[in-house]
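Data from upload_7.tsv: TSV, C-alpha atoms
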```tsv
chain	number	residue	atom	x	y	z
Q	210	MET	CA	4.14	14.69	12.52
Q	211	PRO	CA	5.45	12.86	9.41
Q	212	LYS	CA	2.98	11.15	7.15
Q	213	LYS	CA	2.77	7.37	7.41
Q	214	ILE	CA	2.82	4.83	4.59
Q	215	MET	CA	1.78	1.22	5.02
Q	216	VAL	CA	3.39	-1.40	2.76
Q	217	VAL	CA	1.43	-4.62	2.18
Q	218	ASP	CA	3.32	-7.29	0.22
Q	219	ASP	CA	4.05	-10.97	0.82
Q	220	ASP	CA	7.65	-10.63	-0.40
Q	221	PRO	CA	9.81	-9.51	2.56
Q	222	VAL	CA	12.48	-8.16	0.18
Q	223	ILE	CA	9.93	-5.85	-1.49
Q	224	VAL	CA	8.59	-4.77	1.90
Q	225	GLU	CA	12.07	-3.94	3.16
Q	226	TYR	CA	12.93	-2.10	-0.08
Q	227	LEU	CA	9.78	0.04	-0.09
Q	228	VAL	CA	10.05	0.77	3.63
Q	229	SER	CA	13.65	1.94	3.19
Q	230	ILE	CA	12.72	4.13	0.21
Q	231	PHE	CA	9.93	5.81	2.18
Q	232	GLN	CA	11.96	6.18	5.38
Q	233	ASP	CA	14.88	7.71	3.45
Q	234	ARG	CA	12.45	10.41	2.31
Q	235	GLY	CA	11.25	11.06	5.86
Q	236	TYR	CA	7.96	9.15	5.90
Q	237	GLU	CA	6.96	6.94	8.81
Q	238	THR	CA	6.19	3.38	7.76
Q	239	CYS	CA	4.45	0.23	8.85
Q	240	SER	CA	4.04	-3.03	6.99
Q	241	ALA	CA	2.28	-6.37	6.74
Q	242	GLU	CA	2.94	-9.48	4.67
Q	243	GLY	CA	-0.63	-10.72	4.27
Q	244	GLY	CA	-4.26	-9.69	4.42
Q	245	GLU	CA	-4.93	-11.05	7.90
Q	246	SER	CA	-2.12	-9.16	9.61
Q	247	ALA	CA	-2.64	-6.16	7.32
Q	248	MET	CA	-6.07	-5.41	8.79
Q	249	GLU	CA	-4.63	-5.45	12.32
Q	250	VAL	CA	-1.75	-3.15	11.32
Q	251	LEU	CA	-4.12	-0.85	9.41
Q	252	GLU	CA	-6.40	-0.45	12.43
Q	253	ARG	CA	-3.50	0.14	14.82
Q	254	GLU	CA	-1.32	2.42	12.67
Q	255	ARG	CA	-3.87	4.51	10.71
Q	256	PRO	CA	-1.58	5.25	7.72
Q	257	ASP	CA	-2.03	8.14	5.30
Q	258	LEU	CA	-1.43	5.92	2.25
Q	259	LEU	CA	-1.20	2.20	1.55
Q	260	THR	CA	0.80	0.32	-1.08
Q	261	LEU	CA	-0.82	-3.00	-1.90
Q	262	ASP	CA	0.34	-6.13	-3.69
Q	263	LEU	CA	-2.40	-8.13	-5.39
Q	264	GLU	CA	-1.19	-11.68	-4.76
Q	265	MET	CA	-0.76	-12.47	-1.07
Q	266	PRO	CA	-1.23	-15.45	1.20
Q	267	GLU	CA	-4.53	-15.64	3.07
Q	268	GLU	CA	-6.08	-12.76	1.12
Q	269	TRP	CA	-6.29	-11.59	-2.48
Q	270	GLY	CA	-5.35	-7.88	-2.63
Q	271	PRO	CA	-8.62	-6.67	-4.19
Q	272	ARG	CA	-10.62	-8.56	-1.56
Q	273	PHE	CA	-8.57	-6.99	1.24
Q	274	TYR	CA	-9.17	-3.58	-0.38
Q	275	ARG	CA	-12.94	-4.17	-0.47
Q	276	LYS	CA	-12.95	-5.18	3.20
Q	277	PHE	CA	-11.13	-2.15	4.55
Q	278	SER	CA	-12.59	0.41	2.13
Q	279	GLN	CA	-16.14	-0.42	3.27
Q	280	ARG	CA	-15.28	0.86	6.72
Q	281	PRO	CA	-15.98	4.59	7.10
Q	282	GLU	CA	-12.59	5.38	8.67
Q	283	PHE	CA	-10.70	3.87	5.70
Q	284	LYS	CA	-13.00	4.55	2.72
Q	285	ASP	CA	-10.87	7.48	1.51
Q	286	LEU	CA	-7.45	5.92	2.21
Q	287	PRO	CA	-5.34	6.32	-0.96
Q	288	VAL	CA	-4.02	3.03	-2.35
Q	289	VAL	CA	-1.11	2.48	-4.74
Q	290	VAL	CA	-1.16	-0.99	-6.28
Q	291	ILE	CA	2.33	-2.45	-6.79
Q	292	SER	CA	2.23	-5.86	-8.43
Q	293	GLY	CA	3.90	-8.13	-10.94
Q	294	LEU	CA	0.57	-9.23	-12.41
Q	295	SER	CA	-0.55	-8.06	-15.81
Q	296	GLY	CA	-3.75	-6.04	-16.02
Q	297	ILE	CA	-3.25	-4.62	-12.53
Q	298	HIS	CA	-4.84	-1.31	-13.49
Q	299	LEU	CA	-8.17	-3.16	-13.57
Q	300	ALA	CA	-7.89	-4.84	-10.17
Q	301	ILE	CA	-8.69	-1.86	-7.93
Q	302	ARG	CA	-10.35	0.88	-9.93
Q	303	LYS	CA	-10.17	3.45	-7.11
Q	304	ALA	CA	-6.40	3.05	-6.72
Q	305	VAL	CA	-4.60	6.37	-7.12
Q	306	ALA	CA	-1.97	4.59	-9.23
Q	307	THR	CA	-0.82	1.17	-10.38
Q	308	VAL	CA	2.86	0.30	-10.63
Q	309	ASN	CA	4.30	-2.83	-12.21
Q	310	LYS	CA	7.12	-4.79	-10.60
Q	311	PRO	CA	9.98	-4.30	-11.11
Q	312	PHE	CA	9.42	-0.62	-10.42
Q	313	ASN	CA	11.36	2.61	-10.46
Q	314	PRO	CA	11.57	3.93	-6.87
Q	315	GLU	CA	11.48	7.53	-8.08
Q	316	GLN	CA	8.16	6.84	-9.81
Q	317	VAL	CA	6.71	5.47	-6.57
Q	318	ILE	CA	7.96	8.46	-4.55
Q	319	GLU	CA	6.49	10.86	-7.11
Q	320	ILE	CA	3.10	9.15	-6.86
Q	321	VAL	CA	3.22	9.27	-3.05
Q	322	GLU	CA	4.24	12.94	-2.94
Q	323	ASN	CA	1.54	13.88	-5.47
Q	324	THR	CA	-1.04	12.02	-3.40
Q	325	ILE	CA	-0.25	12.86	0.25
Q	326	GLY	CA	2.50	15.45	-0.03
Q	327	THR	CA	5.96	15.38	1.45
Q	328	PRO	CA	6.54	14.09	4.97
```

Please go through the file and, once you have read it, give me the structure as structure tokens.
Amino acid sequence: MPKKIMVVDDDPVIVEYLVSIFQDRGYETCSAEGGESAMEVLERERPDLLTLDLEMPEEWGPRFYRKFSQRPEFKDLPVVVISGLSGIHLAIRKAVATVNKPFNPEQVIEIVENTIGTP
């Protein structure tokens, strides 16, 4: 069964771009555009890795991270922060990586493969 990546970003263009990058490599994907829907998708889909934007409607990325990471079933879920904000490496200290927008898709794939392996 292919590994699943969840993309959380309020920009639908970024979501579509990341989803296509991951699907082209053989990963399954799911996505959400805000913190409220993201928790529902996370519970339903149980991804192997999550990419997370910091600025979203309804929910600030670090706050969403704190909420889901306190739950035992998600406490070890690897998170890659992808954001246009400066200082993003400080926002979620347990993130496996932080990537600034605009990003190099090969860099993101390399991080994912080093974290959860190939699909």

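Between Phe277 of chain Q and the candidates Q:Met248, Q:Ala304, Q:Val321, Q:Met215, the tightest atom-to-atom separation, counting only C-alpha atoms, involves Q:Met248.
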
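Picture a line from atom CA of Gly243 of chain Q to atom CA of Val217 of chain Q; it runs 6.8 Å.
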
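Across Q:Lys276, Q:Arg253, Q:Lys310, Q:Lys284, the tightest approach to Ser240 of chain Q is made by Q:Arg253 when counting all atoms listed in the file.
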
Open item on the list: What's around Val317 of chain Q at 10 Å? Count only C-alpha atoms, leave out sequence neighbours fewer than 6 positions away in its own chain, and write the answer as an MDAnalysis selection string.
Closed with: chainID Q and resid 227 230:231 260 289 291 306:308 323

Task: d(atom CA of Asn313 of chain Q, atom CA of Glu245 of chain Q) in Å - done: 28.1 Å

Task: Among the residues Q:Met265, Q:Val305, Q:Val250, Q:Ile214, the one that comes closest to Arg234 of chain Q [using only C-alpha atoms] - done: Q:Ile214

- [ ] For atom CA of Phe283 of chain Q and atom CA of Glu249 of chain Q, determine how far apart the two atoms are, in Å to one decimal place.
- [x] 12.9 Å

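Around Ile325 of chain Q, within 8 Å and counting all atoms listed in the file, the residues found are Lys212, Asp257 and Leu258 of chain Q, once anything fewer than 5 positions away on its own chain is removed.
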